[in-house]
>>> print(open('model39.cif').read())   # mmCIF, C-alpha atoms
data_query
loop_
_atom_site.label_atom_id
_atom_site.label_comp_id
_atom_site.auth_asym_id
_atom_site.auth_seq_id
_atom_site.Cartn_x
_atom_site.Cartn_y
_atom_site.Cartn_z
CA MET N 1 -4.79 -14.94 12.26
CA ILE N 2 -5.71 -17.93 10.10
CA GLU N 3 -8.77 -18.51 12.27
CA MET N 4 -9.68 -14.81 12.12
CA GLN N 5 -9.60 -14.94 8.34
CA LYS N 6 -11.87 -18.01 8.34
CA LEU N 7 -14.33 -16.44 10.80
CA SER N 8 -14.42 -13.02 9.14
CA SER N 9 -17.44 -14.08 7.02
CA HIS N 10 -19.44 -13.50 10.25
CA PHE N 11 -18.26 -9.88 10.23
CA GLU N 12 -19.10 -9.41 6.53
CA LYS N 13 -22.59 -10.85 7.08
CA ALA N 14 -23.23 -8.34 9.88
CA ASN N 15 -21.68 -5.48 7.82
CA PRO N 16 -22.78 -6.09 4.19
CA ASP N 17 -21.40 -2.70 3.11
CA ILE N 18 -17.81 -3.67 4.13
CA LYS N 19 -15.63 -6.03 2.07
CA LEU N 20 -12.40 -7.43 3.51
CA LYS N 21 -9.30 -8.11 1.45
CA TRP N 22 -6.61 -10.07 3.27
CA VAL N 23 -2.87 -9.84 2.58
CA THR N 24 -0.87 -12.54 4.37
CA LEU N 25 2.89 -12.10 4.68
CA GLU N 26 5.75 -13.87 6.46
CA GLU N 27 6.71 -12.00 9.66
CA GLY N 28 9.93 -10.36 8.40
CA VAL N 29 8.29 -9.25 5.12
CA LEU N 30 5.22 -8.01 7.01
CA ARG N 31 7.39 -5.76 9.19
CA GLN N 32 9.16 -4.26 6.13
CA ARG N 33 6.01 -3.71 4.04
CA VAL N 34 4.01 -2.21 6.89
CA THR N 35 6.88 0.06 8.01
CA THR N 36 7.42 1.38 4.47
CA ASP N 37 3.71 1.92 3.89
CA ILE N 38 3.12 3.78 7.13
CA ALA N 39 6.24 5.96 6.90
CA THR N 40 5.37 7.08 3.35
CA LYS N 41 1.61 7.35 4.16
CA GLY N 42 1.14 4.95 1.23
CA GLY N 43 -2.42 4.06 2.27
CA GLN N 44 -1.99 0.49 1.01
CA PHE N 45 -3.59 -0.96 4.15
CA ASP N 46 -6.63 0.13 6.18
CA VAL N 47 -5.83 -2.23 9.04
CA MET N 48 -2.37 -3.53 9.83
CA THR N 49 -0.93 -6.13 12.18
CA ILE N 50 1.72 -4.54 14.37
CA GLY N 51 3.29 -5.33 17.72
CA MET N 52 4.12 -3.74 21.01
CA TYR N 53 7.42 -2.44 19.65
CA GLU N 54 5.98 -0.35 16.81
CA THR N 55 2.78 0.91 18.46
CA PRO N 56 4.24 3.45 20.95
CA ILE N 57 6.79 4.71 18.38
CA TRP N 58 4.27 5.15 15.56
CA GLY N 59 1.52 6.46 17.86
CA LYS N 60 3.88 9.20 19.06
CA LYS N 61 4.78 10.12 15.46
CA GLY N 62 1.10 10.52 14.55
CA TRP N 63 1.24 7.62 12.08
CA LEU N 64 -1.71 5.78 13.67
CA GLN N 65 -5.35 6.67 14.29
CA ALA N 66 -6.25 6.63 17.99
CA LEU N 67 -8.89 3.91 18.45
CA LYS N 68 -12.42 4.95 19.35
CA THR N 69 -14.28 2.31 21.31
CA ASP N 70 -17.80 2.31 22.73
CA ALA N 71 -19.09 0.94 26.05
CA THR N 72 -19.93 -2.50 24.61
CA TYR N 73 -16.26 -3.00 23.65
CA ASP N 74 -15.32 -2.69 27.36
CA VAL N 75 -11.79 -1.32 27.08
CA ASP N 76 -11.32 -1.85 30.84
CA ASP N 77 -11.57 -5.59 30.25
CA LEU N 78 -8.24 -5.51 28.36
CA LEU N 79 -5.40 -6.76 30.57
CA PRO N 80 -3.57 -3.68 31.98
CA ALA N 81 -0.14 -4.80 30.70
CA MET N 82 -1.51 -5.11 27.15
CA ARG N 83 -3.46 -1.89 27.25
CA ASP N 84 -0.49 0.11 28.60
CA GLY N 85 1.92 -1.35 26.07
CA LEU N 86 -0.34 -0.32 23.17
CA SER N 87 -1.15 3.18 24.43
CA VAL N 88 0.54 6.57 24.21
CA GLU N 89 -0.37 9.12 26.87
CA GLY N 90 -3.43 7.12 27.86
CA LYS N 91 -4.77 6.76 24.29
CA LEU N 92 -5.10 3.28 22.76
CA TYR N 93 -3.45 3.15 19.31
CA ALA N 94 -3.76 -0.59 18.61
CA ALA N 95 -6.08 -3.32 19.91
CA PRO N 96 -4.56 -6.67 20.93
CA PHE N 97 -5.95 -9.84 19.37
CA TYR N 98 -3.37 -12.00 21.07
CA GLY N 99 -0.95 -11.35 23.93
CA GLU N 100 1.86 -13.27 25.52
CA SER N 101 4.55 -13.29 28.12
CA SER N 102 7.18 -15.99 28.61
CA MET N 103 7.22 -18.92 31.02
CA LEU N 104 8.99 -22.15 31.90
CA MET N 105 7.46 -25.33 30.48
CA TYR N 106 8.95 -28.58 31.76
CA ARG N 107 8.43 -32.33 31.88
CA LYS N 108 7.26 -33.09 35.39
CA ASP N 109 7.91 -36.82 34.93
CA LEU N 110 11.64 -36.15 34.42
CA ALA N 111 11.83 -33.71 37.34
CA ASP N 112 10.04 -36.23 39.59
CA LYS N 113 12.43 -39.00 38.50
CA VAL N 114 15.43 -37.01 39.77
CA GLY N 115 13.54 -35.83 42.87
CA VAL N 116 13.33 -32.12 41.98
CA THR N 117 10.31 -29.95 42.76
CA VAL N 118 10.26 -26.90 40.49
CA PRO N 119 9.18 -23.78 42.43
CA GLU N 120 6.60 -21.37 40.99
CA ARG N 121 9.36 -18.87 40.15
CA PRO N 122 12.72 -20.67 39.89
CA THR N 123 16.16 -19.05 39.52
CA TRP N 124 18.37 -19.62 36.48
CA THR N 125 20.76 -21.50 38.79
CA GLN N 126 17.95 -23.93 39.74
CA VAL N 127 17.05 -24.32 36.05
CA ALA N 128 20.67 -25.18 35.16
CA ASP N 129 20.82 -27.67 38.04
CA LEU N 130 17.68 -29.47 36.83
CA ALA N 131 18.89 -29.38 33.20
CA LYS N 132 22.10 -31.14 34.28
CA LYS N 133 20.17 -33.86 36.15
CA ILE N 134 17.69 -34.68 33.38
CA HIS N 135 20.05 -34.28 30.38
CA ASP N 136 20.17 -37.73 28.77
CA PRO N 137 21.14 -37.38 25.08
CA LYS N 138 21.78 -41.15 24.75
CA ASN N 139 18.05 -41.62 25.27
CA GLY N 140 17.09 -38.63 23.14
CA VAL N 141 16.35 -36.14 25.95
CA TYR N 142 18.10 -32.77 26.23
CA GLY N 143 18.07 -30.95 29.57
CA ILE N 144 16.91 -27.64 28.12
CA CYS N 145 15.94 -26.09 24.79
CA LEU N 146 16.16 -22.32 24.21
CA ARG N 147 16.09 -20.00 21.20
CA GLY N 148 19.40 -19.48 19.44
CA LYS N 149 18.36 -18.23 16.01
CA PRO N 150 19.44 -14.61 15.48
CA GLY N 151 16.86 -11.80 15.48
CA TRP N 152 15.81 -8.87 17.68
CA GLY N 153 12.50 -10.63 18.33
CA ASP N 154 14.06 -14.09 18.25
CA ASN N 155 17.11 -15.07 20.34
CA MET N 156 17.28 -11.51 21.72
CA ALA N 157 13.78 -11.73 23.23
CA LEU N 158 15.03 -14.50 25.51
CA ILE N 159 18.56 -13.14 26.07
CA SER N 160 17.24 -9.64 26.94
CA THR N 161 15.05 -11.11 29.69
CA MET N 162 18.06 -13.05 31.02
CA VAL N 163 20.14 -9.85 31.01
CA ASN N 164 17.33 -7.97 32.83
CA THR N 165 17.16 -10.54 35.58
CA PHE N 166 20.96 -10.69 35.88
CA GLY N 167 20.68 -6.96 36.68
CA GLY N 168 21.46 -5.47 33.25
CA GLN N 169 19.87 -3.15 30.68
CA TRP N 170 20.24 -2.21 27.00
CA PHE N 171 20.99 1.49 27.59
CA ASP N 172 21.74 3.59 30.66
CA MET N 173 20.02 6.92 31.37
CA LYS N 174 22.43 8.69 28.98
CA TRP N 175 21.46 6.25 26.19
CA GLN N 176 24.91 4.64 26.31
CA PRO N 177 24.75 0.94 25.26
CA GLN N 178 25.67 -1.40 28.13
CA LEU N 179 26.66 -4.53 26.19
CA GLU N 180 30.04 -5.00 27.85
CA SER N 181 28.71 -4.54 31.40
CA LYS N 182 29.05 -7.32 33.98
CA PRO N 183 25.33 -8.35 33.86
CA TRP N 184 25.54 -8.83 30.04
CA LYS N 185 28.74 -10.89 30.38
CA ASP N 186 27.27 -12.98 33.22
CA ALA N 187 23.96 -13.60 31.46
CA VAL N 188 25.37 -14.42 28.02
CA THR N 189 28.13 -16.66 29.47
CA PHE N 190 25.46 -18.50 31.49
CA TYR N 191 23.23 -18.88 28.39
CA VAL N 192 26.05 -20.20 26.16
CA ASP N 193 27.28 -22.66 28.86
CA LEU N 194 23.77 -23.90 29.57
CA LEU N 195 22.95 -24.70 25.92
CA THR N 196 26.44 -26.04 25.12
CA LYS N 197 26.29 -28.51 28.02
CA TYR N 198 22.61 -29.45 28.20
CA GLY N 199 20.95 -28.27 24.99
CA PRO N 200 20.31 -30.02 21.66
CA PRO N 201 23.02 -29.87 18.98
CA GLY N 202 22.65 -26.98 16.52
CA SER N 203 20.88 -24.71 19.05
CA SER N 204 22.10 -21.58 17.23
CA ALA N 205 19.60 -22.35 14.43
CA ASN N 206 16.62 -23.08 16.70
CA SER N 207 13.66 -20.75 17.06
CA PHE N 208 10.11 -21.21 18.37
CA ASN N 209 8.91 -23.69 15.72
CA GLU N 210 11.99 -25.93 15.85
CA ILE N 211 11.86 -26.14 19.65
CA LEU N 212 8.11 -26.70 19.63
CA ALA N 213 8.65 -29.76 17.41
CA LEU N 214 11.44 -31.04 19.71
CA THR N 215 9.32 -30.51 22.84
CA ASN N 216 6.23 -32.15 21.36
CA SER N 217 8.27 -35.21 20.44
CA GLY N 218 9.51 -35.49 24.05
CA LYS N 219 13.09 -34.39 23.41
CA CYS N 220 13.21 -31.26 25.64
CA GLY N 221 13.23 -31.54 29.41
CA MET N 222 12.60 -27.79 29.75
CA TRP N 223 11.76 -24.89 27.48
CA ILE N 224 11.46 -21.18 28.31
CA ASP N 225 9.47 -19.32 25.65
CA ALA N 226 6.20 -17.61 24.76
CA THR N 227 3.22 -18.51 26.94
CA ILE N 228 1.23 -19.43 23.80
CA ALA N 229 3.48 -22.51 23.49
CA ALA N 230 1.71 -23.96 26.54
CA SER N 231 -1.49 -24.45 24.54
CA PHE N 232 0.42 -26.57 21.97
CA VAL N 233 2.63 -28.65 24.30
CA SER N 234 -0.36 -29.55 26.50
CA ASP N 235 -2.52 -30.63 23.53
CA PRO N 236 -2.52 -34.44 23.16
CA LYS N 237 -3.30 -34.07 19.44
CA GLN N 238 0.06 -32.30 18.96
CA SER N 239 2.28 -33.45 21.81
CA LYS N 240 3.51 -36.92 22.76
CA VAL N 241 4.18 -35.68 26.30
CA ALA N 242 1.07 -33.48 26.77
CA ASP N 243 0.13 -35.15 30.08
CA GLN N 244 3.63 -34.72 31.51
CA MET N 245 3.97 -30.98 30.84
CA ALA N 246 3.93 -28.59 33.79
CA PHE N 247 4.31 -24.80 33.94
CA ALA N 248 6.17 -22.27 36.08
CA GLN N 249 7.20 -18.61 35.84
CA ALA N 250 10.21 -17.49 33.80
CA PRO N 251 13.45 -17.79 35.82
CA THR N 252 14.94 -14.90 37.82
CA GLN N 253 18.49 -14.39 39.06
CA VAL N 254 19.71 -11.19 40.76
CA THR N 255 16.29 -9.51 40.42
CA PRO N 256 12.79 -10.55 39.35
CA LYS N 257 12.54 -7.40 37.19
CA GLY N 258 12.13 -8.01 33.46
CA ALA N 259 12.35 -11.81 33.88
CA ASN N 260 9.50 -12.50 31.47
CA TRP N 261 8.86 -10.67 28.25
CA LEU N 262 5.69 -8.96 27.10
CA TRP N 263 4.34 -8.93 23.58
CA ALA N 264 1.06 -8.43 21.78
CA TRP N 265 0.11 -8.76 18.15
CA ALA N 266 -2.41 -6.04 17.60
CA LEU N 267 -4.56 -4.41 14.92
CA ALA N 268 -4.00 -0.74 14.14
CA ILE N 269 -5.33 1.78 11.65
CA PRO N 270 -2.72 3.84 9.80
CA SER N 271 -3.41 7.57 9.57
CA GLY N 272 -3.19 7.20 5.74
CA SER N 273 -6.35 5.02 5.63
CA LYS N 274 -9.26 6.35 3.54
CA LYS N 275 -11.73 3.97 5.23
CA VAL N 276 -11.27 4.73 8.91
CA ASP N 277 -14.87 4.01 10.01
CA ALA N 278 -14.96 0.59 8.34
CA ALA N 279 -11.48 -0.22 9.70
CA GLN N 280 -12.56 0.84 13.18
CA LYS N 281 -15.57 -1.50 12.99
CA PHE N 282 -13.39 -4.44 11.97
CA VAL N 283 -10.71 -3.83 14.63
CA THR N 284 -13.41 -3.57 17.30
CA TRP N 285 -15.05 -6.82 16.14
CA ALA N 286 -11.82 -8.84 15.85
CA THR N 287 -10.60 -7.92 19.36
CA SER N 288 -13.95 -8.06 21.17
CA LYS N 289 -15.30 -10.44 23.84
CA GLU N 290 -17.88 -11.56 21.26
CA TYR N 291 -15.11 -12.62 18.87
CA ILE N 292 -13.36 -14.68 21.58
CA ASN N 293 -16.71 -16.30 22.32
CA LEU N 294 -17.22 -17.05 18.62
CA VAL N 295 -13.83 -18.83 18.43
CA GLY N 296 -14.57 -20.78 21.63
CA THR N 297 -17.97 -21.99 20.48
CA THR N 298 -16.81 -22.69 16.90
CA ASN N 299 -13.36 -24.24 17.40
CA GLY N 300 -13.23 -25.16 21.09
CA TRP N 301 -12.11 -23.12 24.09
CA GLY N 302 -8.54 -24.41 23.98
CA THR N 303 -8.05 -22.50 20.70
CA VAL N 304 -9.18 -18.99 21.70
CA PRO N 305 -6.70 -16.10 21.40
CA THR N 306 -5.25 -15.68 24.88
CA GLY N 307 -3.48 -12.91 26.74
CA THR N 308 -5.82 -10.03 25.90
CA ARG N 309 -8.88 -9.86 28.16
CA LYS N 310 -9.63 -10.40 31.86
CA SER N 311 -12.98 -11.99 30.98
CA THR N 312 -11.23 -14.83 29.10
CA TYR N 313 -9.50 -15.86 32.33
CA GLU N 314 -12.83 -15.75 34.20
CA ASN N 315 -14.50 -18.05 31.68
CA ALA N 316 -15.10 -21.53 33.15
CA ASP N 317 -15.00 -23.21 29.70
CA PHE N 318 -11.61 -21.67 28.94
CA LEU N 319 -10.16 -22.53 32.37
CA LYS N 320 -11.27 -26.13 31.93
CA ALA N 321 -9.64 -26.37 28.47
CA ALA N 322 -6.41 -24.54 29.41
CA ARG N 323 -4.60 -25.84 32.50
CA PHE N 324 -1.77 -23.36 31.81
CA ALA N 325 -4.12 -20.36 32.15
CA LYS N 326 -3.19 -19.41 35.73
CA ALA N 327 0.58 -19.44 35.03
CA GLU N 328 0.09 -17.54 31.75
CA LYS N 329 -1.97 -14.77 33.35
CA MET N 330 0.45 -14.47 36.25
CA ALA N 331 3.33 -14.01 33.76
CA ILE N 332 1.48 -11.36 31.75
CA ASP N 333 0.35 -9.48 34.88
CA SER N 334 3.87 -9.38 36.30
CA ALA N 335 5.52 -7.95 33.16
CA ASN N 336 5.95 -4.18 33.34
CA PRO N 337 7.37 -2.48 30.23
CA ASN N 338 7.79 0.78 32.16
CA ASP N 339 9.98 -0.73 34.88
CA SER N 340 11.79 -3.79 33.58
CA THR N 341 15.40 -3.24 34.67
CA LEU N 342 17.18 -3.00 38.03
CA PRO N 343 19.12 0.18 37.14
CA LYS N 344 16.80 2.92 35.84
CA SER N 345 16.43 2.82 32.03
CA PRO N 346 15.30 5.59 29.65
CA TYR N 347 13.27 3.25 27.42
CA VAL N 348 9.93 1.44 27.52
CA GLY N 349 9.92 -2.30 26.79
CA VAL N 350 10.91 -5.52 28.52
CA GLN N 351 12.73 -7.54 25.84
CA PHE N 352 13.30 -4.57 23.53
CA ALA N 353 13.76 -0.81 23.76
CA ALA N 354 10.91 1.02 22.02
CA ILE N 355 13.11 3.34 19.93
CA PRO N 356 13.33 3.26 16.11
CA GLU N 357 17.06 2.33 16.20
CA PHE N 358 16.49 -0.82 18.26
CA GLN N 359 15.47 -3.03 15.35
CA ALA N 360 18.89 -2.65 13.66
CA ILE N 361 20.83 -2.87 16.94
CA GLY N 362 18.89 -5.92 18.16
CA THR N 363 19.40 -7.73 14.85
CA THR N 364 23.16 -7.11 14.88
CA VAL N 365 23.52 -8.20 18.52
CA GLY N 366 21.38 -11.29 17.79
CA GLN N 367 23.85 -12.35 15.09
CA GLN N 368 26.78 -11.91 17.48
CA MET N 369 25.04 -13.94 20.22
CA SER N 370 24.26 -16.73 17.75
CA ALA N 371 27.94 -16.78 16.68
CA ALA N 372 29.01 -17.07 20.34
CA LEU N 373 26.56 -19.94 20.87
CA ALA N 374 27.86 -21.73 17.77
CA GLY N 375 31.43 -21.41 19.11
CA GLN N 376 32.58 -19.13 16.28
CA LYS N 377 33.44 -16.33 18.75
CA THR N 378 34.06 -15.99 22.46
CA VAL N 379 31.36 -14.28 24.53
CA ASP N 380 33.71 -11.31 25.11
CA GLU N 381 34.39 -10.91 21.37
CA ALA N 382 30.68 -11.08 20.55
CA LEU N 383 29.80 -8.49 23.20
CA LYS N 384 32.63 -6.14 22.16
CA ALA N 385 31.45 -6.23 18.51
CA SER N 386 27.87 -5.68 19.73
CA GLN N 387 28.87 -2.66 21.83
CA VAL N 388 30.77 -1.07 18.92
CA ALA N 389 27.81 -1.57 16.54
CA ALA N 390 25.29 -0.24 19.07
CA GLU N 391 27.39 2.86 19.85
CA ARG N 392 27.74 3.60 16.14
CA GLN N 393 23.95 3.44 15.63
CA MET N 394 23.16 5.58 18.68
CA LYS N 395 25.72 8.25 17.77
CA LYS N 396 24.49 8.33 14.19
CA ALA N 397 20.94 8.82 15.46
CA GLY N 398 22.09 11.74 17.61
CA TYR N 399 21.45 10.31 21.09
CA TYR N 400 24.89 11.54 22.18
CA LYS N 401 28.15 12.76 20.61
#
>>> encode(input="model39.cif", output="structure tokens")
Amino acid sequence: MIEMQKLSSHFEKANPDIKLKWVTLEEGVLRQRVTTDIATKGGQFDVMTIGMYETPIWGKKGWLQALKTDATYDVDDLLPAMRDGLSVEGKLYAAPFYGESSMLMYRKDLADKVGVTVPERPTWTQVADLAKKIHDPKNGVYGICLRGKPGWGDNMALISTMVNTFGGQWFDMKWQPQLESKPWKDAVTFYVDLLTKYGPPGSSANSFNEILALTNSGKCGMWIDATIAASFVSDPKQSKVADQMAFAQAPTQVTPKGANWLWAWALAIPSGSKKVDAAQKFVTWATSKEYINLVGTTNGWGTVPTGTRKSTYENADFLKAARFAKAEKMAIDSANPNDSTLPKSPYVGVQFAAIPEFQAIGTTVGQQMSAALAGQKTVDEALKASQVAAERQMKKAGYYK
């Protein structure tokens, strides 16, 4: 986004009749402001940054303008997972400027030292086994680092994918929350044990940025998180262990379904906008092949926004600059928001359920999971409290009596 703001003078030069005014907000504040504005048709913004969670909900409600793209935009070049996740009934309601899945990033030097070859798609059991072997806190190396900070898009993004692959789901076909089911208990117990034994101290406060700093300073043997992290941990300007980093798919357990999450930050036009044509021009420019090319030639191909277009992954300059590209694309291609759980689920989404109530439920559950990780509650207590809170929300919203 920072780069887009810097490069937007190119857009203004080409469109002298359009002036851009940027409003930059912290993620939590952004979500609140944008949600309020769109629900009240406030018309404060002509273009807004939203994600894969909001797009299908708001598109269905008629809160967003369907995007109109011409042949030069090449909508078929968008990666299918991204395009599907941002569409409602085949219509695109937001254009992705950056997409991600999740993957395993690990220090190959440490795995080699203990004689372990990490397969392309390991199981959580194999991950725990390697974490145990390379965990060496006396020498400042922790076996594994994972998110613990509470939030529906924070610790719950990771935990939901673990639950999926342990065979669980958020809601069954009757919309009943499943938080005390065996897969939830198995997955959360595994997660808490893994980080308690082989993670850094204070894991319940760690999110993406904290773990990125730990990994770049060589303190994490393994990290499972957003694919975008690969571009930072493999950059010698940022990472002490850039040359040692290797990449694999997110771990599976009982099933490969829903093992790696899917997310896009995208640009959308609210139906309250008075400047739809200008907004449409900007959204098209900022998510185009030409824009990706502009970033590559201006800032270097290692810095282009990834996870959005097939053509990026066919570009020789990008492939040379990004040795994680193959693993990243494989992760994105394998994520299916319409079929991410072993039992059939009524919702769309891999690491979230695309219903308006999920934000509140996911936040509450995230706090309970963080408390379990910090040792303030048992896993069973945390899941019971989560189930009660989720049932209350779903009943209140009228999903069942």
>>> resolve_selection(input="model39.cif", expression="the PyMOL selection byres ((chain N and resi 326-334) around 10)", output="count of residues only")
42
>>> resolve_selection(input="model39.cif", expression="the PyMOL selection byres ((chain N and resi 94) around 10)", output="VMD selection string")
chain N and resid 47 to 52 54 to 56 59 64 to 67 82 to 83 85 to 87 91 to 93 95 to 97 264 to 270 283
>>> closest_residue(input="model39.cif", among="N:Gln387, N:Thr303, N:Gln169, N:Asn155", to="N:Gln367", atoms="all atoms listed in the file")
N:Asn155
>>> resolve_selection(input="model39.cif", expression="the PyMOL selection byres ((chain N and resi 116) around 12)", output="list in words")
Tyr106, Arg107, Lys108, Asp109, Leu110, Ala111, Asp112, Lys113, Val114, Gly115, Thr117, Val118, Pro119, Pro122, Gln126, Val127, Asp129, Leu130, Ala131, Lys132, Lys133 and Ile134 of chain N
>>> atom_distance(input="model39.cif", atom1="atom CA of N:Gln351", atom2="atom CA of N:Asp154")
10.1 Å
>>> closest_residue(input="model39.cif", among="N:Ile292, N:Val192, N:Val304, N:Ile2", to="N:Ala372", atoms="only C-alpha atoms")
N:Val192
>>> atom_distance(input="model39.cif", atom1="atom CA of N:Trp223", atom2="atom CA of N:Phe208")
10.0 Å
>>> atom_distance(input="model39.cif", atom1="atom CA of N:Val379", atom2="atom CA of N:Asn164")
17.5 Å
>>> build_atoms(input="model39.cif", residues="stretch 18-33 of chain N", atoms="N, CA, C and O atoms", output="PDB file, in the frame of the given file")
ATOM      1  N   ILE N  18     -19.288  -3.612   3.996  1.00  0.00           N
ATOM      2  CA  ILE N  18     -17.810  -3.670   4.130  1.00  0.00           C
ATOM      3  C   ILE N  18     -17.280  -4.961   3.537  1.00  0.00           C
ATOM      4  O   ILE N  18     -17.749  -6.050   3.854  1.00  0.00           O
ATOM      5  N   LYS N  19     -16.292  -4.834   2.651  1.00  0.00           N
ATOM      6  CA  LYS N  19     -15.630  -6.030   2.070  1.00  0.00           C
ATOM      7  C   LYS N  19     -14.197  -6.079   2.599  1.00  0.00           C
ATOM      8  O   LYS N  19     -13.497  -5.069   2.632  1.00  0.00           O
ATOM      9  N   LEU N  20     -13.765  -7.268   2.985  1.00  0.00           N
ATOM     10  CA  LEU N  20     -12.400  -7.430   3.510  1.00  0.00           C
ATOM     11  C   LEU N  20     -11.497  -8.034   2.437  1.00  0.00           C
ATOM     12  O   LEU N  20     -11.882  -8.963   1.739  1.00  0.00           O
ATOM     13  N   LYS N  21     -10.300  -7.499   2.339  1.00  0.00           N
ATOM     14  CA  LYS N  21      -9.300  -8.110   1.450  1.00  0.00           C
ATOM     15  C   LYS N  21      -8.064  -8.391   2.304  1.00  0.00           C
ATOM     16  O   LYS N  21      -7.475  -7.478   2.873  1.00  0.00           O
ATOM     17  N   TRP N  22      -7.706  -9.661   2.396  1.00  0.00           N
ATOM     18  CA  TRP N  22      -6.610 -10.070   3.270  1.00  0.00           C
ATOM     19  C   TRP N  22      -5.297 -10.146   2.509  1.00  0.00           C
ATOM     20  O   TRP N  22      -5.247 -10.670   1.404  1.00  0.00           O
ATOM     21  N   VAL N  23      -4.223  -9.658   3.129  1.00  0.00           N
ATOM     22  CA  VAL N  23      -2.870  -9.840   2.580  1.00  0.00           C
ATOM     23  C   VAL N  23      -2.061 -10.542   3.660  1.00  0.00           C
ATOM     24  O   VAL N  23      -1.885 -10.004   4.755  1.00  0.00           O
ATOM     25  N   THR N  24      -1.613 -11.769   3.374  1.00  0.00           N
ATOM     26  CA  THR N  24      -0.870 -12.540   4.370  1.00  0.00           C
ATOM     27  C   THR N  24       0.606 -12.579   3.991  1.00  0.00           C
ATOM     28  O   THR N  24       0.944 -12.939   2.866  1.00  0.00           O
ATOM     29  N   LEU N  25       1.459 -12.168   4.942  1.00  0.00           N
ATOM     30  CA  LEU N  25       2.890 -12.100   4.680  1.00  0.00           C
ATOM     31  C   LEU N  25       3.668 -12.780   5.800  1.00  0.00           C
ATOM     32  O   LEU N  25       3.209 -12.826   6.932  1.00  0.00           O
ATOM     33  N   GLU N  26       4.851 -13.293   5.462  1.00  0.00           N
ATOM     34  CA  GLU N  26       5.750 -13.870   6.460  1.00  0.00           C
ATOM     35  C   GLU N  26       6.222 -12.727   7.386  1.00  0.00           C
ATOM     36  O   GLU N  26       6.335 -11.587   6.949  1.00  0.00           O
ATOM     37  N   GLU N  27       6.504 -13.047   8.641  1.00  0.00           N
ATOM     38  CA  GLU N  27       6.710 -12.000   9.660  1.00  0.00           C
ATOM     39  C   GLU N  27       7.734 -10.923   9.267  1.00  0.00           C
ATOM     40  O   GLU N  27       7.460  -9.729   9.386  1.00  0.00           O
ATOM     41  N   GLY N  28       8.898 -11.331   8.782  1.00  0.00           N
ATOM     42  CA  GLY N  28       9.930 -10.360   8.400  1.00  0.00           C
ATOM     43  C   GLY N  28       9.473  -9.439   7.275  1.00  0.00           C
ATOM     44  O   GLY N  28       9.705  -8.223   7.298  1.00  0.00           O
ATOM     45  N   VAL N  29       8.796 -10.020   6.286  1.00  0.00           N
ATOM     46  CA  VAL N  29       8.290  -9.250   5.120  1.00  0.00           C
ATOM     47  C   VAL N  29       7.179  -8.310   5.581  1.00  0.00           C
ATOM     48  O   VAL N  29       7.112  -7.151   5.168  1.00  0.00           O
ATOM     49  N   LEU N  30       6.318  -8.825   6.457  1.00  0.00           N
ATOM     50  CA  LEU N  30       5.220  -8.010   7.010  1.00  0.00           C
ATOM     51  C   LEU N  30       5.780  -6.744   7.648  1.00  0.00           C
ATOM     52  O   LEU N  30       5.324  -5.636   7.356  1.00  0.00           O
ATOM     53  N   ARG N  31       6.799  -6.914   8.504  1.00  0.00           N
ATOM     54  CA  ARG N  31       7.390  -5.760   9.190  1.00  0.00           C
ATOM     55  C   ARG N  31       7.884  -4.719   8.184  1.00  0.00           C
ATOM     56  O   ARG N  31       7.639  -3.525   8.330  1.00  0.00           O
ATOM     57  N   GLN N  32       8.606  -5.183   7.134  1.00  0.00           N
ATOM     58  CA  GLN N  32       9.160  -4.260   6.130  1.00  0.00           C
ATOM     59  C   GLN N  32       8.053  -3.531   5.366  1.00  0.00           C
ATOM     60  O   GLN N  32       8.059  -2.311   5.247  1.00  0.00           O
ATOM     61  N   ARG N  33       7.082  -4.298   4.867  1.00  0.00           N
ATOM     62  CA  ARG N  33       6.010  -3.710   4.040  1.00  0.00           C
ATOM     63  C   ARG N  33       5.199  -2.686   4.825  1.00  0.00           C
ATOM     64  O   ARG N  33       4.878  -1.603   4.342  1.00  0.00           O
TER      65      ARG N  33
END
